[in-house]
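> File name upload.txt; file contents compact mmCIF, C-alpha atoms; full text below.
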```txt
# COMPACT_ATOMS: atom_id res chain seq x y z
CA MET O 522 -55.28 23.11 1.60
CA THR O 523 -52.24 23.84 -0.52
CA LEU O 524 -50.29 20.81 -1.65
CA ILE O 525 -46.60 20.83 -0.76
CA ASN O 526 -44.10 19.58 -3.35
CA PRO O 527 -41.45 17.61 -1.42
CA GLY O 528 -37.94 18.71 -2.34
CA PHE O 529 -39.03 22.03 -3.88
CA MET O 530 -37.18 24.90 -2.19
CA SER O 531 -37.37 28.67 -2.20
CA PRO O 532 -34.46 30.35 -4.06
CA GLY O 533 -32.47 31.24 -0.94
CA ARG O 534 -32.61 27.64 0.20
CA ARG O 535 -31.89 26.12 -3.18
CA LYS O 536 -28.56 27.86 -3.70
CA GLY O 537 -25.76 25.43 -2.98
CA HIS O 538 -28.22 23.22 -1.06
CA LEU O 539 -26.45 23.85 2.27
CA PRO O 540 -28.19 25.76 5.04
CA PRO O 541 -26.09 28.39 6.86
CA GLY O 542 -23.41 26.99 9.14
CA GLN O 543 -23.58 23.45 7.71
CA SER O 544 -20.87 21.42 5.94
CA GLU O 545 -21.38 18.53 3.58
CA VAL O 546 -20.28 15.08 4.69
CA LYS O 547 -20.03 12.04 2.41
CA ASP O 548 -20.11 9.47 5.21
CA TRP O 549 -22.96 9.27 7.67
CA PRO O 550 -22.05 10.24 11.25
CA VAL O 551 -23.84 8.47 14.10
CA LEU O 552 -25.22 10.50 16.98
CA THR O 553 -27.40 8.96 19.65
CA TYR O 554 -27.60 10.27 23.18
CA GLY O 555 -27.33 6.82 24.76
CA PRO O 556 -26.40 3.28 23.84
CA THR O 557 -27.83 1.91 20.59
CA PRO O 558 -30.81 -0.28 21.40
CA ASN O 559 -31.18 -3.51 19.49
CA ILE O 560 -34.82 -3.91 18.51
CA SER O 561 -35.98 -7.16 16.97
CA THR O 562 -38.60 -6.79 14.26
CA ARG O 563 -40.44 -9.70 15.97
CA GLU O 564 -41.26 -7.51 18.95
CA TRP O 565 -41.38 -4.15 17.11
CA MET O 566 -44.69 -2.30 17.42
CA LEU O 567 -45.88 1.10 16.26
CA LEU O 568 -48.71 2.76 18.14
CA VAL O 569 -50.65 5.70 16.68
CA ASP O 570 -52.87 7.31 19.30
CA GLY O 571 -54.15 10.55 20.84
CA GLU O 572 -56.32 12.87 18.73
CA VAL O 573 -57.15 10.29 16.04
CA ALA O 574 -60.51 8.66 15.33
CA LYS O 575 -59.24 5.26 16.53
CA ALA O 576 -55.86 4.35 17.99
CA ILE O 577 -53.99 1.66 16.04
CA LYS O 578 -51.17 -0.71 16.86
CA LEU O 579 -49.14 -2.18 14.01
CA SER O 580 -46.76 -5.13 14.03
CA TRP O 581 -43.71 -5.09 11.75
CA ALA O 582 -45.54 -7.36 9.27
CA GLU O 583 -48.66 -5.18 9.27
CA PHE O 584 -46.61 -2.00 8.91
CA ASN O 585 -44.74 -3.41 5.92
CA GLN O 586 -47.95 -4.12 4.07
CA LEU O 587 -48.86 -0.41 3.96
CA PRO O 588 -48.35 1.65 0.77
CA ARG O 589 -44.80 3.00 0.67
CA THR O 590 -43.43 6.40 -0.21
CA ASN O 591 -40.06 7.70 -1.43
CA LEU O 592 -38.26 11.00 -0.90
CA THR O 593 -34.93 12.03 -2.37
CA THR O 594 -33.69 14.84 -0.20
CA ASP O 595 -30.98 16.31 2.03
CA ILE O 596 -30.63 15.89 5.79
CA HIS O 597 -29.20 18.43 8.20
CA CYS O 598 -27.89 17.63 11.68
CA VAL O 599 -27.65 20.38 14.29
CA THR O 600 -24.03 19.26 14.91
CA ARG O 601 -23.35 21.02 11.57
CA TRP O 602 -23.16 18.21 9.05
CA SER O 603 -25.48 17.75 6.09
CA ARG O 604 -25.80 14.83 3.69
CA LEU O 605 -27.16 15.71 0.27
CA GLY O 606 -29.40 13.77 -2.09
CA MET O 607 -30.23 10.77 0.10
CA GLN O 608 -33.02 8.47 -0.94
CA TRP O 609 -35.46 7.56 1.83
CA GLU O 610 -38.28 5.05 1.86
CA GLY O 611 -41.04 4.29 4.33
CA VAL O 612 -44.69 4.91 5.11
CA SER O 613 -45.94 8.48 5.07
CA ILE O 614 -47.47 9.99 8.20
CA ASP O 615 -50.50 10.83 6.03
CA GLU O 616 -50.98 7.09 5.43
CA LEU O 617 -50.77 6.31 9.17
CA ILE O 618 -53.24 9.09 10.02
CA LYS O 619 -55.60 7.72 7.36
CA LEU O 620 -55.32 4.24 8.85
CA ALA O 621 -56.23 5.69 12.26
CA GLY O 622 -59.39 7.17 10.75
CA GLY O 623 -58.08 10.72 10.51
CA LEU O 624 -57.20 13.41 13.06
CA THR O 625 -59.73 15.05 15.34
CA ASP O 626 -60.04 18.85 15.18
CA ASP O 627 -57.71 19.04 18.20
CA GLY O 628 -54.89 17.10 16.54
CA THR O 629 -52.41 19.92 15.97
CA PHE O 630 -49.13 18.51 17.37
CA LEU O 631 -47.29 15.22 17.04
CA ILE O 632 -45.29 13.81 19.93
CA ALA O 633 -43.07 10.99 18.66
CA SER O 634 -41.72 8.53 21.24
CA SER O 635 -39.00 5.94 20.77
CA TYR O 636 -37.70 2.73 22.28
CA GLY O 637 -35.38 3.91 25.04
CA GLY O 638 -37.57 6.86 26.03
CA TYR O 639 -36.53 9.56 23.51
CA THR O 640 -39.28 12.00 22.47
CA THR O 641 -39.60 14.88 20.05
CA ASN O 642 -42.43 17.30 19.23
CA LEU O 643 -43.61 18.63 15.86
CA PRO O 644 -46.53 20.66 14.52
CA VAL O 645 -48.90 18.44 12.51
CA ALA O 646 -48.54 20.88 9.59
CA ASP O 647 -44.87 19.78 9.33
CA VAL O 648 -45.51 16.05 9.14
CA THR O 649 -48.52 15.85 6.81
CA ARG O 650 -48.88 16.51 3.06
CA GLY O 651 -46.08 14.17 2.06
CA GLN O 652 -43.44 15.89 4.19
CA ALA O 653 -42.65 13.12 6.67
CA MET O 654 -42.64 9.35 7.04
CA VAL O 655 -41.75 6.48 9.29
CA ALA O 656 -38.69 5.39 7.33
CA THR O 657 -37.25 1.90 7.06
CA HIS O 658 -34.70 2.36 4.26
CA ALA O 659 -32.06 4.92 3.32
CA ASP O 660 -30.25 4.80 -0.03
CA GLY O 661 -31.86 1.43 -0.74
CA GLU O 662 -30.56 -0.28 2.43
CA PRO O 663 -32.61 -1.17 5.53
CA LEU O 664 -31.79 1.25 8.36
CA SER O 665 -29.09 -0.21 10.60
CA PRO O 666 -29.54 0.05 14.40
CA GLU O 667 -27.04 2.94 14.69
CA HIS O 668 -29.09 4.93 12.17
CA GLY O 669 -32.34 4.26 13.96
CA GLY O 670 -33.44 0.92 12.51
CA PRO O 671 -35.67 -0.86 12.13
CA ALA O 672 -37.70 2.35 11.72
CA ARG O 673 -37.27 6.04 12.48
CA LEU O 674 -39.30 9.16 12.00
CA PHE O 675 -38.12 11.15 8.96
CA VAL O 676 -38.82 14.91 8.73
CA PRO O 677 -36.05 16.16 6.43
CA HIS O 678 -36.88 19.88 6.39
CA LEU O 679 -36.07 20.22 10.12
CA TYR O 680 -32.82 19.51 12.02
CA PHE O 681 -32.36 15.79 12.20
CA TRP O 682 -32.93 15.36 15.95
CA LYS O 683 -36.62 15.77 15.02
CA SER O 684 -36.33 12.57 12.95
CA ALA O 685 -36.55 10.33 16.04
CA LYS O 686 -34.68 7.03 15.80
CA TYR O 687 -36.36 3.79 16.96
CA VAL O 688 -39.77 5.43 16.86
CA ASN O 689 -42.55 3.29 18.34
CA LYS O 690 -45.34 5.73 19.15
CA LEU O 691 -46.93 8.69 17.37
CA THR O 692 -49.24 10.59 19.69
CA PHE O 693 -51.31 13.43 18.25
CA THR O 694 -52.21 16.11 20.81
CA GLY O 695 -53.93 19.44 21.08
CA HIS O 696 -50.96 21.02 22.89
CA ASP O 697 -47.24 21.19 22.28
CA HIS O 698 -45.09 19.13 24.66
CA PRO O 699 -41.37 19.83 24.21
CA GLY O 700 -39.42 16.59 23.67
CA PHE O 701 -36.05 15.34 24.93
CA TRP O 702 -33.68 17.80 23.23
CA GLU O 703 -36.30 20.55 23.17
CA ARG O 704 -36.28 20.43 27.00
CA ASN O 705 -32.49 20.19 27.03
CA GLY O 706 -31.46 23.43 25.41
CA TYR O 707 -32.37 22.90 21.76
CA HIS O 708 -34.81 24.90 19.68
CA ASN O 709 -38.47 23.93 19.82
CA TYR O 710 -38.96 24.02 16.01
CA GLY O 711 -35.49 23.53 14.41
CA ASP O 712 -35.56 25.04 10.92
CA PRO O 713 -32.01 24.57 9.56
CA TRP O 714 -32.41 27.46 7.07
CA LYS O 715 -33.09 29.87 9.92
CA GLU O 716 -30.41 28.24 12.10
CA GLU O 717 -32.89 27.48 14.84
CA ARG O 718 -30.32 25.38 16.69
CA TYR O 719 -30.62 26.24 20.37
CA ASP O 720 -33.31 27.43 22.73
CA GLY O 721 -33.20 31.21 22.31
CA ASP O 722 -32.01 31.25 18.66
CA ALA O 723 -34.16 33.68 16.65
CA MET P 431 -70.84 14.00 -15.08
CA THR P 432 -69.25 16.39 -12.58
CA ALA P 433 -69.43 20.08 -13.39
CA THR P 434 -66.22 21.48 -14.83
CA PRO P 435 -64.46 23.45 -12.09
CA SER P 436 -63.50 27.09 -12.45
CA PRO P 437 -60.29 27.54 -14.47
CA VAL P 438 -58.74 29.79 -11.81
CA GLU P 439 -59.12 27.24 -9.02
CA TRP P 440 -56.11 25.06 -8.23
CA ARG P 441 -56.76 21.37 -8.75
CA VAL P 442 -54.53 18.44 -7.86
CA GLY P 443 -53.29 16.46 -10.85
CA THR P 444 -51.58 13.08 -10.48
CA VAL P 445 -48.80 12.24 -12.93
CA ARG P 446 -49.75 9.09 -14.87
CA GLN P 447 -47.12 9.05 -17.61
CA ILE P 448 -43.94 10.91 -18.52
CA ARG P 449 -42.83 10.68 -22.15
CA ILE P 450 -39.47 11.94 -23.34
CA GLU P 451 -40.09 13.81 -26.60
CA ALA P 452 -36.60 15.17 -27.31
CA PRO P 453 -33.59 16.28 -25.25
CA GLY P 454 -35.00 18.62 -22.60
CA VAL P 455 -38.63 18.20 -23.63
CA ARG P 456 -41.11 15.88 -21.90
CA THR P 457 -44.85 15.33 -22.04
CA TYR P 458 -46.54 14.81 -18.66
CA THR P 459 -49.95 13.14 -18.55
CA PHE P 460 -52.01 14.11 -15.49
CA SER P 461 -55.29 12.73 -14.20
CA PHE P 462 -57.80 14.80 -12.25
CA GLU P 463 -60.91 14.05 -10.24
CA SER P 464 -63.04 16.00 -12.70
CA PRO P 465 -63.19 16.24 -16.49
CA VAL P 466 -60.62 18.23 -18.47
CA HIS P 467 -61.97 20.51 -21.15
CA HIS P 468 -60.14 23.17 -23.14
CA SER P 469 -59.91 24.75 -26.56
CA SER P 470 -56.86 23.77 -28.58
CA GLY P 471 -54.11 26.33 -28.07
CA GLN P 472 -54.93 27.08 -24.42
CA HIS P 473 -52.46 26.71 -21.55
CA TYR P 474 -52.38 25.70 -17.90
CA GLU P 475 -50.44 26.90 -14.88
CA ILE P 476 -48.40 24.59 -12.62
CA ARG P 477 -47.68 25.82 -9.09
CA LEU P 478 -45.01 24.47 -6.75
CA THR P 479 -45.02 25.07 -2.99
CA ALA P 480 -42.01 24.61 -0.68
CA SER P 481 -42.40 23.54 2.94
CA ASP P 482 -41.75 27.16 4.05
CA GLY P 483 -44.70 28.35 1.94
CA TYR P 484 -42.64 29.78 -0.96
CA GLN P 485 -44.42 29.33 -4.29
CA ALA P 486 -43.51 29.52 -7.95
CA ALA P 487 -45.81 28.99 -10.95
CA ARG P 488 -45.31 28.74 -14.71
CA LEU P 489 -47.58 28.39 -17.74
CA TYR P 490 -47.46 25.37 -20.05
CA SER P 491 -49.46 24.70 -23.20
CA ALA P 492 -51.72 21.70 -23.55
CA ALA P 493 -50.22 19.22 -26.01
CA THR P 494 -53.44 17.49 -27.02
CA PRO P 495 -57.12 18.46 -27.32
CA ALA P 496 -59.46 17.73 -24.38
CA SER P 497 -63.19 17.70 -24.97
CA GLY P 498 -64.32 16.94 -21.41
CA GLU P 499 -64.78 13.21 -22.07
CA SER P 500 -61.84 12.22 -19.89
CA ASN P 501 -60.05 13.43 -16.77
CA MET P 502 -56.65 13.40 -18.47
CA LEU P 503 -54.47 16.37 -19.39
CA GLN P 504 -51.22 16.36 -21.38
CA LEU P 505 -48.74 19.19 -20.98
CA THR P 506 -45.45 19.30 -22.87
CA ILE P 507 -42.70 21.00 -20.88
CA GLY P 508 -39.36 22.30 -22.08
CA LEU P 509 -36.53 22.30 -19.54
CA MET P 510 -35.17 25.75 -18.68
CA PRO P 511 -31.91 24.69 -16.99
CA TYR P 512 -31.73 27.84 -14.85
CA GLY P 513 -35.47 28.03 -14.35
CA GLU P 514 -37.42 27.50 -11.21
CA VAL P 515 -40.23 25.13 -12.03
CA SER P 516 -39.09 22.95 -14.96
CA PRO P 517 -35.87 21.68 -13.22
CA TYR P 518 -38.03 20.52 -10.31
CA LEU P 519 -40.45 18.82 -12.70
CA PHE P 520 -37.58 17.07 -14.52
CA ASN P 521 -35.63 16.03 -11.41
CA HIS P 522 -38.20 15.35 -8.69
CA VAL P 523 -41.53 14.53 -10.34
CA THR P 524 -42.22 10.87 -11.11
CA VAL P 525 -45.30 8.84 -12.03
CA GLY P 526 -47.63 9.15 -9.03
CA SER P 527 -46.41 12.63 -8.00
CA GLN P 528 -49.11 15.20 -7.38
CA LEU P 529 -48.99 18.79 -8.61
CA GLU P 530 -51.29 21.78 -8.33
CA ILE P 531 -52.55 22.88 -11.73
CA ARG P 532 -55.16 25.38 -12.89
CA GLY P 533 -56.64 26.21 -16.25
CA PRO P 534 -57.45 26.30 -19.08
CA LEU P 535 -56.17 29.87 -19.40
CA GLY P 536 -56.06 32.28 -22.32
CA ARG P 537 -58.81 32.48 -24.91
CA TYR P 538 -56.86 34.31 -27.62
CA PHE P 539 -54.48 31.80 -29.18
CA VAL P 540 -57.18 29.17 -29.78
CA TRP P 541 -58.67 27.32 -32.72
CA SER P 542 -62.05 25.58 -32.96
CA SER P 543 -63.35 23.14 -35.55
CA ALA P 544 -66.13 25.65 -36.22
CA GLN P 545 -63.52 27.82 -37.96
CA LEU P 546 -63.81 26.98 -41.64
CA GLU P 547 -61.10 29.21 -43.13
CA PRO P 548 -57.73 27.69 -44.08
CA ILE P 549 -55.10 27.77 -41.33
CA PHE P 550 -51.34 28.24 -41.52
CA LEU P 551 -49.60 27.14 -38.30
CA ILE P 552 -45.99 28.25 -37.83
CA GLY P 553 -43.99 27.00 -34.84
CA GLY P 554 -40.39 27.48 -33.75
CA GLY P 555 -38.85 24.98 -31.30
CA THR P 556 -41.19 24.17 -28.42
CA GLY P 557 -43.56 26.78 -29.90
CA VAL P 558 -44.98 23.84 -31.82
CA ILE P 559 -46.69 22.55 -28.62
CA PRO P 560 -50.02 24.47 -28.81
CA LEU P 561 -49.98 24.14 -32.63
CA ARG P 562 -49.77 20.36 -32.32
CA SER P 563 -52.91 20.44 -30.17
CA ILE P 564 -54.68 22.49 -32.86
CA TRP P 565 -53.34 20.23 -35.64
CA THR P 566 -54.48 17.08 -33.77
CA GLU P 567 -57.97 18.46 -33.18
CA HIS P 568 -58.17 19.35 -36.87
CA MET P 569 -57.26 15.73 -37.75
CA MET P 570 -59.71 14.28 -35.22
CA THR P 571 -62.66 16.41 -36.30
CA ARG P 572 -61.90 15.73 -39.99
CA THR P 573 -62.62 19.34 -40.76
CA TRP P 574 -62.42 19.76 -44.51
CA SER P 575 -60.68 23.14 -44.32
CA GLN P 576 -57.01 23.20 -45.26
CA MET P 577 -54.38 23.29 -42.50
CA LEU P 578 -50.60 23.35 -42.97
CA LEU P 579 -48.00 23.28 -40.21
CA LEU P 580 -44.53 24.77 -40.71
CA TYR P 581 -42.19 23.68 -37.92
CA ALA P 582 -38.73 25.22 -37.59
CA VAL P 583 -36.44 23.08 -35.43
CA ARG P 584 -32.69 22.86 -34.89
CA SER P 585 -32.11 19.20 -35.73
CA TYR P 586 -33.92 15.91 -36.22
CA GLN P 587 -33.32 14.85 -32.62
CA ASP P 588 -35.01 18.04 -31.41
CA VAL P 589 -38.24 17.29 -33.32
CA ILE P 590 -41.00 16.67 -30.75
CA TYR P 591 -44.07 14.52 -31.49
CA LYS P 592 -42.13 12.61 -34.19
CA TYR P 593 -44.68 9.78 -33.94
CA ASP P 594 -47.42 12.22 -34.96
CA LEU P 595 -45.70 14.67 -37.23
CA ILE P 596 -43.40 12.29 -39.11
CA PRO P 597 -45.01 9.07 -40.41
CA ARG P 598 -42.86 5.93 -40.30
CA ARG P 599 -43.52 5.08 -43.94
CA SER P 600 -41.32 6.76 -46.47
CA GLY P 601 -42.14 10.31 -47.44
CA MET P 602 -43.23 13.19 -45.27
CA ARG P 603 -46.76 14.31 -44.49
CA THR P 604 -47.62 16.94 -47.02
CA ASP P 605 -49.45 18.97 -44.37
CA VAL P 606 -46.41 19.13 -42.05
CA ILE P 607 -43.41 21.04 -43.40
CA LEU P 608 -40.15 20.89 -41.47
CA THR P 609 -37.21 23.22 -41.71
CA PHE P 610 -33.97 22.35 -39.91
CA THR P 611 -32.24 25.51 -38.78
CA ASP P 612 -28.99 24.01 -37.49
CA GLN P 613 -28.34 20.40 -38.49
CA PRO P 614 -30.53 18.89 -41.21
CA PRO P 615 -30.52 15.08 -41.43
CA LEU P 616 -28.18 13.50 -44.02
CA ALA P 617 -29.58 13.68 -47.57
CA TRP P 618 -32.41 15.96 -46.39
CA LYS P 619 -34.14 17.46 -49.42
CA GLY P 620 -36.47 19.83 -47.60
CA TYR P 621 -35.87 23.26 -46.06
CA ASP P 622 -32.64 23.68 -44.11
CA ARG P 623 -32.69 27.31 -42.93
CA ARG P 624 -34.49 29.74 -40.68
CA ILE P 625 -37.96 30.75 -41.84
CA ASP P 626 -37.56 33.45 -44.50
CA GLY P 627 -39.73 35.36 -46.99
CA GLU P 628 -39.23 32.86 -49.79
CA MET P 629 -40.29 29.93 -47.60
CA VAL P 630 -43.39 31.79 -46.38
CA MET P 631 -44.36 32.68 -49.99
CA ASP P 632 -43.81 29.05 -51.15
CA ILE P 633 -46.15 27.72 -48.51
CA LEU P 634 -48.75 30.49 -48.85
CA GLU P 635 -49.03 29.53 -52.55
CA ARG P 636 -50.22 26.07 -51.51
CA PHE P 637 -53.35 27.60 -49.96
CA ARG P 638 -56.38 28.00 -52.18
CA LEU P 639 -57.60 30.92 -50.04
CA MET P 640 -55.67 33.36 -47.83
CA PRO P 641 -55.23 31.50 -44.48
CA SER P 642 -55.51 32.69 -40.91
CA CYS P 643 -52.09 32.32 -39.27
CA TYR P 644 -50.98 31.09 -35.82
CA VAL P 645 -47.34 31.81 -34.95
CA CYS P 646 -45.72 30.48 -31.79
CA GLY P 647 -42.09 30.36 -30.71
CA PRO P 648 -39.30 32.37 -29.11
CA THR P 649 -39.88 36.13 -29.29
CA PRO P 650 -37.30 36.91 -32.06
CA MET P 651 -38.74 34.14 -34.27
CA VAL P 652 -42.31 35.36 -33.71
CA GLU P 653 -41.31 38.97 -34.49
CA ALA P 654 -39.54 37.95 -37.71
CA VAL P 655 -42.24 35.56 -38.95
CA THR P 656 -45.20 37.89 -38.31
CA GLN P 657 -43.36 40.62 -40.27
CA LEU P 658 -42.76 38.19 -43.15
CA LEU P 659 -46.46 37.27 -43.22
CA VAL P 660 -47.52 40.91 -43.33
CA GLN P 661 -45.00 41.57 -46.14
CA ALA P 662 -46.47 38.58 -48.01
CA GLY P 663 -49.88 40.23 -47.92
CA VAL P 664 -51.54 38.42 -44.99
CA PRO P 665 -53.85 40.92 -43.21
CA SER P 666 -52.37 41.54 -39.75
CA GLU P 667 -55.75 41.01 -38.03
CA THR P 668 -55.73 37.37 -39.17
CA ILE P 669 -52.32 36.67 -37.58
CA LYS P 670 -52.27 35.39 -33.99
CA ALA P 671 -48.95 35.27 -32.20
CA GLU P 672 -47.87 33.64 -28.97
CA ARG P 673 -44.38 34.18 -27.59
CA PHE P 674 -42.50 31.59 -25.57
CA GLY P 675 -39.89 33.16 -23.37
CA PRO P 676 -37.23 32.14 -20.86
CA THR P 677 -39.62 32.74 -17.95
CA GLY P 678 -41.04 29.44 -19.13
CA GLY P 679 -44.17 28.33 -20.91
CA ALA P 680 -46.61 30.43 -22.81
CA ILE P 681 -46.68 34.17 -22.25
```
Using structure tokens, write down the structure from this file.

Amino acid sequence: MTLINPGFMSPGRRKGHLPPGQSEVKDWPVLTYGPTPNISTREWMLLVDGEVAKAIKLSWAEFNQLPRTNLTTDIHCVTRWSRLGMQWEGVSIDELIKLAGGLTDDGTFLIASSYGGYTTNLPVADVTRGQAMVATHADGEPLSPEHGGPARLFVPHLYFWKSAKYVNKLTFTGHDHPGFWERNGYHNYGDPWKEERYDGDA
Amino acid sequence: MTATPSPVEWRVGTVRQIRIEAPGVRTYTFSFESPVHHSSGQHYEIRLTASDGYQAARLYSAATPASGESNMLQLTIGLMPYGEVSPYLFNHVTVGSQLEIRGPLGRYFVWSSAQLEPIFLIGGGTGVIPLRSIWTEHMMTRTWSQMLLLYAVRSYQDVIYKYDLIPRRSGMRTDVILTFTDQPPLAWKGYDRRIDGEMVMDILERFRLMPSCYVCGPTPMVEAVTQLLVQAGVPSETIKAERFGPTGGAI
């Protein structure tokens, strides 16, 4: 399988670093569809289940002992703001899959679920090979609750609603199951460079 | 020992060390799961893949010999500020990063310790990279044949492999001849101009027999130097040339 080099972009995408229809912001807007939940790291749990060899459940302490990964990259929100050159840190999805003994042959989609009931769906090919993580830090600071702390999914090459805040469960499945926004009028895949914003775009 | 994989297959190399050689020039040390073996002078290809499947690849010369005894490869890479691959390598790749690499490639611009004739290596700028690999292998194998390296470089700070090519004790290596084409160091007594006919004749006179020549550098430098060698009486079939161009790496 071809290795993917995180942060390497095709020429059309590299130019100016802003996908079509996006504007750069220097601050970090907060967008959550409901009230911000306050999750104590004492009760925080991450479950990895579905099409894996063995389901695993990690406490905050166990999760923080896993090898960590870094990505310096841009993020793009469907509400048309982008932040450039952020530094993110967490545990790669590859590492979590490895800990769960690997995917079965049927493991082709990831359904991420969060505290509060939010869900989002992604092809496995978009979250493996160093492209995604469960992030705990941005720009060197622990993620605050309004930005999805203590931990959120991080998939920077897709619109940011795919990077589920407060993630607590990664379920690998053999079929796609549209998540919260994907059922509520947003695009199923969400490539910012193709402006896949809403259901029906391209 | 694992069998050496095919040179055209992509292998994953993990960056183990990044050494800054000069402004815009770095040496990356990679480790592989299988042994690395090449002839001095050969090059490798690095390929980058974006998440949308877009790919770009460039060729880079090996900086040191590799006899298959280790799994390590050293490539020296010059930054092309408007390039595609080197800016990514300089800005995003850190120790621990993984890259797809294949090689060794090219069996023309190579030297082996079985060659017993004298050798005249002439490098311009980062064109010295494959020549340094040849020069190092010559030192390591203690081949008795004569080898001289002429290295044309803009200024002292642009000299790469200083730790190898310039000894710390006073005095220069007599087998490495530098010429500074832009800014020679203060009180420099050596050559301070582009390679010309007089310089080539001076150095050719130090050979006891007519040497085989290896010329590597930017295209205009290679064109000029190979012409000078022919004019000085070196048979053209004993001159090997490799041109480094703005598309990056060896061509």
> Please measure the separation of CA of Ile476 (chain P) and CA of Phe462 (chain P), giving the value in Å to one decimal.
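A separation of 13.6 Å between them.
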> Can you pull out the residues contacting Thr556 (chain P)? Cut-off 7 Å, using all atoms listed in the file, and skip same-chain residues under 3 positions away; I want them as a PyMOL selection string.
chain P and resi 508+559+647
> Pull out every residue of chain O that has at least one atom within 12 Å of chain P, counting all atoms listed in the file, and report them as a PyMOL selection string.
chain O and resi 522-536+589-594+606+608+646-653+676-679+712-715
> Output C-alpha atoms for every residue in the selection just made, as a CSV table (one decimal), in the frame of the given file.

```csv
chain,number,residue,atom,x,y,z
O,522,MET,CA,-55.3,23.1,1.6
O,523,THR,CA,-52.2,23.8,-0.5
O,524,LEU,CA,-50.3,20.8,-1.6
O,525,ILE,CA,-46.6,20.8,-0.8
O,526,ASN,CA,-44.1,19.6,-3.4
O,527,PRO,CA,-41.4,17.6,-1.4
O,528,GLY,CA,-37.9,18.7,-2.3
O,529,PHE,CA,-39.0,22.0,-3.9
O,530,MET,CA,-37.2,24.9,-2.2
O,531,SER,CA,-37.4,28.7,-2.2
O,532,PRO,CA,-34.5,30.4,-4.1
O,533,GLY,CA,-32.5,31.2,-0.9
O,534,ARG,CA,-32.6,27.6,0.2
O,535,ARG,CA,-31.9,26.1,-3.2
O,536,LYS,CA,-28.6,27.9,-3.7
O,589,ARG,CA,-44.8,3.0,0.7
O,590,THR,CA,-43.4,6.4,-0.2
O,591,ASN,CA,-40.1,7.7,-1.4
O,592,LEU,CA,-38.3,11.0,-0.9
O,593,THR,CA,-34.9,12.0,-2.4
O,594,THR,CA,-33.7,14.8,-0.2
O,606,GLY,CA,-29.4,13.8,-2.1
O,608,GLN,CA,-33.0,8.5,-0.9
O,646,ALA,CA,-48.5,20.9,9.6
O,647,ASP,CA,-44.9,19.8,9.3
O,648,VAL,CA,-45.5,16.0,9.1
O,649,THR,CA,-48.5,15.8,6.8
O,650,ARG,CA,-48.9,16.5,3.1
O,651,GLY,CA,-46.1,14.2,2.1
O,652,GLN,CA,-43.4,15.9,4.2
O,653,ALA,CA,-42.6,13.1,6.7
O,676,VAL,CA,-38.8,14.9,8.7
O,677,PRO,CA,-36.0,16.2,6.4
O,678,HIS,CA,-36.9,19.9,6.4
O,679,LEU,CA,-36.1,20.2,10.1
O,712,ASP,CA,-35.6,25.0,10.9
O,713,PRO,CA,-32.0,24.6,9.6
O,714,TRP,CA,-32.4,27.5,7.1
O,715,LYS,CA,-33.1,29.9,9.9
```
> List the neighbours of Trp581 (chain O) out to 7 Å using all atoms listed in the file; skip same-chain residues closer than 4 positions along the sequence, and give me the result as a PyMOL selection string.
chain O and resi 562+565-566+585
> Set the distance at 12 Å and use all atoms listed in the file: which residues neighbour Val688 (chain O) once local chain neighbours fewer than 6 positions away are removed? I'd like the list as a ChimeraX atom specification.
/O:558,560,565-569,632-641,654-657,666,668-675
